[in-house]
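Before any comments, here is the structure.
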Amino acid sequence: AHEALSDGDVELAYSGHCDGGLRAGRLACAALDGPWPEGVVDALASFGRTNRSVLLKSYDYMLAPDTKEMDDLGLREAMLFSEDIRREADAFIKQAFDGRPYLAAHCRRTDFLRVRGSTTPGPGAIAGKLNALLAETELTQVFIATDAPADLRAELAKRVRGEVRFLADAALDSPGKQAAAEMWIAARADFFIGTVESRFTSAIQLERGFLGKAVGTSDQEFCKEYKKEK
């Protein structure tokens, strides 16, 4: 629901079902044919360059456009990590890896086990792929960003043939800041592998592109099953 104001602006709810909370200079509706980023890019391009910010409402599942499209729209630099997140994440990197190269992985669990069951791997497949990448890249350290419970974290630490690190005890005051710090750490890894159809993984891949990381070190994602190559 929204209300047209006398000055031409529009008032609408920022989130949830509460009235008010946000004033916009323009309200537009879009009918998209799926979560594909091309539709969002076309919609944003139609607004012209005079808008400094755009809020996409009621769109919980959105895939990010590729790096070039983000750059053409002037959007990629919009990701800004706050000073306390950068400070905590950099301190973790220094303490955990001591300046040595490391591999990073994003392993989405929780709701993905239900809604993405056909593509979300189990701990055995995750460990198998990570071990293969460690051998291939000759890295010995792994950072894992995950929403998995403690028992699964312990299982991965046991199965992976390398030094495994989790951001478990960061001095951050919210889960959102914790997740952002994990993105910062994963983006700076020498190699990254993520989760299929995860926006968190997509955000890390975009950040790695911004940092100049080679595509070949950023574009791999876990498969449901892992089969060792002969």
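Chain labels A, B, ... are given in the sequence in which chains occur in the structure tokens; within each chain residues are numbered consecutively from 1, and ligands are likewise numbered from 1 in the order shown.
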Strand (DSSP E) per DSSP on the backbone: members of segment 36-133 of chain A, as a ChimeraX atom specification
/A:103-107
Which residues are close to Gly117 of chain A, i.e. within 12 Å by only C-alpha atoms, leaving aside same-chain residues fewer than 4 positions away? Reply as a list in words.
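Here the qualifying residues turn out to be Arg108, Arg109, Thr110, Asp111, Phe112, Leu113, Pro121, Gly122, Val196, Glu197, Cys223, Lys224 and Glu225 of chain A.
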Residue contacts of segment 152-167 of chain A (7 Å, only C-alpha atoms) excluding same-chain residues fewer than 4 positions away, as a PyMOL selection string
chain A and resi 123+127+130-131+140-145+148+182
Which value, in Å to one decimal, gives the distance between atom CA of Lys68 of chain A and atom CA of Thr146 of chain A?
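Interatomic distance, atom CA of Lys68 of chain A to atom CA of Thr146 of chain A: 27.9 Å.
Across the model, the gap from atom CA of Ala43 of chain A to atom CA of Ala187 of chain A is 28.5 Å.
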Give me, as a compact mmCIF listing (two decimals) with all heavy atoms, in the first residue's frame, the residues of segment 153-207 of chain A that a backbone DSSP run labels alpha helix (DSSP H).
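Once everything was written out, this is states23.txt:
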```
# COMPACT_ATOMS: atom_id res chain seq x y z
N ARG A 153 29.93 -28.07 11.70
CA ARG A 153 31.22 -27.39 11.64
C ARG A 153 32.33 -28.32 12.12
O ARG A 153 33.41 -28.40 11.53
CB ARG A 153 31.19 -26.12 12.49
CG ARG A 153 30.26 -25.04 11.95
CD ARG A 153 30.18 -23.87 12.92
NE ARG A 153 29.23 -22.88 12.46
CZ ARG A 153 29.52 -21.60 12.23
NH1 ARG A 153 30.76 -21.16 12.43
NH2 ARG A 153 28.61 -20.76 11.82
N ALA A 154 32.05 -29.04 13.20
CA ALA A 154 33.05 -29.97 13.74
C ALA A 154 33.32 -31.10 12.76
O ALA A 154 34.47 -31.54 12.61
CB ALA A 154 32.56 -30.53 15.08
N GLU A 155 32.28 -31.56 12.07
CA GLU A 155 32.46 -32.63 11.09
C GLU A 155 33.30 -32.17 9.92
O GLU A 155 34.18 -32.90 9.44
CB GLU A 155 31.09 -33.12 10.60
CG GLU A 155 31.17 -34.35 9.71
CD GLU A 155 29.82 -34.94 9.39
OE1 GLU A 155 28.80 -34.41 9.89
OE2 GLU A 155 29.78 -35.93 8.64
N LEU A 156 33.07 -30.95 9.44
CA LEU A 156 33.87 -30.42 8.34
C LEU A 156 35.33 -30.24 8.77
O LEU A 156 36.26 -30.57 8.02
CB LEU A 156 33.30 -29.10 7.86
CG LEU A 156 31.97 -29.16 7.09
CD1 LEU A 156 31.47 -27.75 6.78
CD2 LEU A 156 32.12 -29.96 5.80
N ALA A 157 35.52 -29.74 9.97
CA ALA A 157 36.89 -29.55 10.47
C ALA A 157 37.62 -30.89 10.57
O ALA A 157 38.84 -30.95 10.35
CB ALA A 157 36.85 -28.87 11.84
N LYS A 158 36.89 -31.95 10.85
CA LYS A 158 37.49 -33.28 10.97
C LYS A 158 37.82 -33.87 9.60
O LYS A 158 38.85 -34.52 9.42
CB LYS A 158 36.54 -34.20 11.74
CG LYS A 158 37.08 -35.61 11.94
CD LYS A 158 36.09 -36.45 12.73
CE LYS A 158 36.61 -37.87 12.93
NZ LYS A 158 35.64 -38.70 13.70
N ARG A 159 36.94 -33.65 8.61
CA ARG A 159 37.09 -34.30 7.31
C ARG A 159 38.02 -33.56 6.35
O ARG A 159 38.63 -34.18 5.48
CB ARG A 159 35.73 -34.45 6.64
CG ARG A 159 34.79 -35.43 7.31
CD ARG A 159 33.61 -35.70 6.39
NE ARG A 159 32.64 -36.61 6.97
CZ ARG A 159 31.73 -37.27 6.27
NH1 ARG A 159 31.67 -37.10 4.96
NH2 ARG A 159 30.88 -38.07 6.86
N PRO A 175 24.13 -10.65 13.96
CA PRO A 175 24.39 -11.68 12.94
C PRO A 175 24.67 -11.07 11.58
O PRO A 175 25.46 -11.62 10.80
CB PRO A 175 23.10 -12.50 12.93
CG PRO A 175 22.50 -12.29 14.27
CD PRO A 175 22.83 -10.87 14.63
N GLY A 176 24.03 -9.92 11.27
CA GLY A 176 24.26 -9.27 9.99
C GLY A 176 25.70 -8.81 9.84
O GLY A 176 26.31 -8.96 8.79
N LYS A 177 26.25 -8.21 10.89
CA LYS A 177 27.65 -7.78 10.86
C LYS A 177 28.59 -8.98 10.77
O LYS A 177 29.63 -8.93 10.09
CB LYS A 177 27.98 -6.95 12.10
CG LYS A 177 27.35 -5.56 12.10
CD LYS A 177 27.82 -4.77 13.30
CE LYS A 177 27.26 -3.35 13.28
NZ LYS A 177 27.73 -2.55 14.44
N GLN A 178 28.22 -10.06 11.44
CA GLN A 178 29.03 -11.28 11.38
C GLN A 178 29.08 -11.78 9.94
O GLN A 178 30.14 -12.15 9.43
CB GLN A 178 28.41 -12.34 12.29
CG GLN A 178 29.16 -13.66 12.32
CD GLN A 178 30.18 -13.74 13.42
OE1 GLN A 178 30.36 -12.77 14.19
NE2 GLN A 178 30.86 -14.87 13.52
N ALA A 179 27.92 -11.79 9.27
CA ALA A 179 27.86 -12.26 7.88
C ALA A 179 28.67 -11.35 6.97
O ALA A 179 29.38 -11.82 6.06
CB ALA A 179 26.41 -12.32 7.42
N ALA A 180 28.59 -10.03 7.18
CA ALA A 180 29.35 -9.10 6.36
C ALA A 180 30.85 -9.30 6.56
O ALA A 180 31.62 -9.21 5.60
CB ALA A 180 28.96 -7.66 6.70
N ALA A 181 31.27 -9.57 7.78
CA ALA A 181 32.69 -9.84 8.04
C ALA A 181 33.13 -11.12 7.33
O ALA A 181 34.25 -11.19 6.80
CB ALA A 181 32.93 -9.96 9.55
N GLU A 182 32.26 -12.12 7.28
CA GLU A 182 32.58 -13.36 6.56
C GLU A 182 32.75 -13.07 5.06
O GLU A 182 33.63 -13.65 4.41
CB GLU A 182 31.49 -14.40 6.78
CG GLU A 182 31.48 -14.99 8.18
CD GLU A 182 30.41 -16.04 8.36
OE1 GLU A 182 29.31 -15.88 7.78
OE2 GLU A 182 30.65 -17.02 9.08
N MET A 183 31.91 -12.20 4.52
CA MET A 183 32.04 -11.82 3.12
C MET A 183 33.39 -11.15 2.87
O MET A 183 34.07 -11.44 1.87
CB MET A 183 30.91 -10.86 2.72
CG MET A 183 29.54 -11.50 2.62
SD MET A 183 28.24 -10.28 2.31
CE MET A 183 28.84 -9.51 0.81
N TRP A 184 33.79 -10.25 3.76
CA TRP A 184 35.06 -9.54 3.63
C TRP A 184 36.23 -10.53 3.61
O TRP A 184 37.14 -10.43 2.79
CB TRP A 184 35.20 -8.56 4.79
CG TRP A 184 36.46 -7.74 4.80
CD1 TRP A 184 37.66 -8.07 5.37
CD2 TRP A 184 36.64 -6.43 4.24
NE1 TRP A 184 38.58 -7.07 5.20
CE2 TRP A 184 37.97 -6.04 4.51
CE3 TRP A 184 35.80 -5.56 3.55
CZ2 TRP A 184 38.49 -4.81 4.10
CZ3 TRP A 184 36.32 -4.33 3.14
CH2 TRP A 184 37.65 -3.97 3.41
N ILE A 185 36.19 -11.51 4.52
CA ILE A 185 37.27 -12.50 4.62
C ILE A 185 37.30 -13.39 3.39
O ILE A 185 38.37 -13.64 2.82
CB ILE A 185 37.08 -13.34 5.90
CG1 ILE A 185 37.20 -12.45 7.15
CG2 ILE A 185 38.11 -14.48 5.95
CD1 ILE A 185 36.70 -13.10 8.42
N ALA A 186 36.13 -13.87 2.96
CA ALA A 186 36.07 -14.76 1.80
C ALA A 186 36.49 -14.05 0.52
O ALA A 186 37.13 -14.64 -0.35
CB ALA A 186 34.66 -15.33 1.65
N ALA A 187 36.16 -12.78 0.40
CA ALA A 187 36.50 -12.02 -0.81
C ALA A 187 38.01 -11.85 -0.95
O ALA A 187 38.52 -11.71 -2.07
CB ALA A 187 35.82 -10.65 -0.79
N ARG A 199 22.61 -15.81 -2.89
CA ARG A 199 22.94 -14.40 -3.05
C ARG A 199 24.18 -14.01 -2.24
O ARG A 199 24.92 -13.11 -2.61
CB ARG A 199 21.75 -13.53 -2.64
CG ARG A 199 20.60 -13.56 -3.64
CD ARG A 199 19.41 -12.81 -3.13
NE ARG A 199 18.83 -13.46 -1.97
CZ ARG A 199 17.90 -12.92 -1.19
NH1 ARG A 199 17.47 -11.70 -1.45
NH2 ARG A 199 17.40 -13.57 -0.17
N PHE A 200 24.40 -14.70 -1.14
CA PHE A 200 25.59 -14.46 -0.32
C PHE A 200 26.84 -14.80 -1.13
O PHE A 200 27.80 -14.04 -1.17
CB PHE A 200 25.51 -15.30 0.95
CG PHE A 200 26.51 -14.95 2.00
CD1 PHE A 200 26.25 -13.95 2.93
CD2 PHE A 200 27.73 -15.62 2.08
CE1 PHE A 200 27.18 -13.62 3.91
CE2 PHE A 200 28.67 -15.30 3.05
CZ PHE A 200 28.39 -14.30 3.97
N THR A 201 26.82 -15.95 -1.80
CA THR A 201 27.92 -16.34 -2.67
C THR A 201 28.09 -15.34 -3.80
O THR A 201 29.22 -14.92 -4.13
CB THR A 201 27.68 -17.75 -3.24
OG1 THR A 201 27.98 -18.73 -2.24
CG2 THR A 201 28.57 -18.03 -4.46
N SER A 202 26.98 -14.92 -4.42
CA SER A 202 27.05 -13.94 -5.53
C SER A 202 27.70 -12.64 -5.07
O SER A 202 28.49 -12.04 -5.81
CB SER A 202 25.66 -13.67 -6.08
OG SER A 202 25.09 -14.83 -6.66
N ALA A 203 27.37 -12.20 -3.86
CA ALA A 203 27.94 -10.96 -3.33
C ALA A 203 29.44 -11.09 -3.13
O ALA A 203 30.20 -10.16 -3.40
CB ALA A 203 27.25 -10.58 -2.02
N ILE A 204 29.89 -12.25 -2.66
CA ILE A 204 31.32 -12.48 -2.49
C ILE A 204 32.02 -12.48 -3.85
O ILE A 204 33.10 -11.90 -4.01
CB ILE A 204 31.57 -13.81 -1.75
CG1 ILE A 204 31.08 -13.71 -0.30
CG2 ILE A 204 33.05 -14.18 -1.78
CD1 ILE A 204 31.07 -15.04 0.44
N GLN A 205 31.41 -13.13 -4.82
CA GLN A 205 32.00 -13.17 -6.16
C GLN A 205 32.11 -11.77 -6.77
O GLN A 205 33.12 -11.43 -7.40
CB GLN A 205 31.18 -14.09 -7.06
CG GLN A 205 31.29 -15.56 -6.67
CD GLN A 205 30.27 -16.44 -7.36
OE1 GLN A 205 29.19 -15.98 -7.74
NE2 GLN A 205 30.60 -17.71 -7.55
N LEU A 206 31.09 -10.94 -6.56
CA LEU A 206 31.15 -9.56 -7.04
C LEU A 206 32.27 -8.78 -6.37
O LEU A 206 33.01 -8.03 -7.01
CB LEU A 206 29.82 -8.87 -6.81
CG LEU A 206 28.70 -9.12 -7.82
CD1 LEU A 206 27.41 -8.50 -7.35
CD2 LEU A 206 29.09 -8.58 -9.19
N GLU A 207 32.38 -8.93 -5.07
CA GLU A 207 33.43 -8.23 -4.33
C GLU A 207 34.81 -8.69 -4.79
O GLU A 207 35.74 -7.88 -4.93
CB GLU A 207 33.26 -8.48 -2.83
CG GLU A 207 34.27 -7.76 -1.95
CD GLU A 207 34.07 -6.26 -1.89
OE1 GLU A 207 33.03 -5.77 -2.37
OE2 GLU A 207 34.97 -5.56 -1.37
```
For Gly39 of chain A, work out the shell of residues within 12 Å, counting only C-alpha atoms and skipping chain neighbours fewer than 4 positions away, then give it as a list in words.
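Those residues are Ala30, Ala31, Leu32, Asp33, Gly34, Pro35, Ala43, Leu44, Ala45, Ser46, Met62, Leu63, Ala64, Pro65 and Glu69 of chain A.
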Just the residues within 12 Å of segment 214-218 of chain A, please, counting only C-alpha atoms, with nothing from its chain fewer than 2 positions along; format it as a PyMOL selection string.
chain A and resi 66-67+102-106+133+136-137+186-195+201-212+220-221
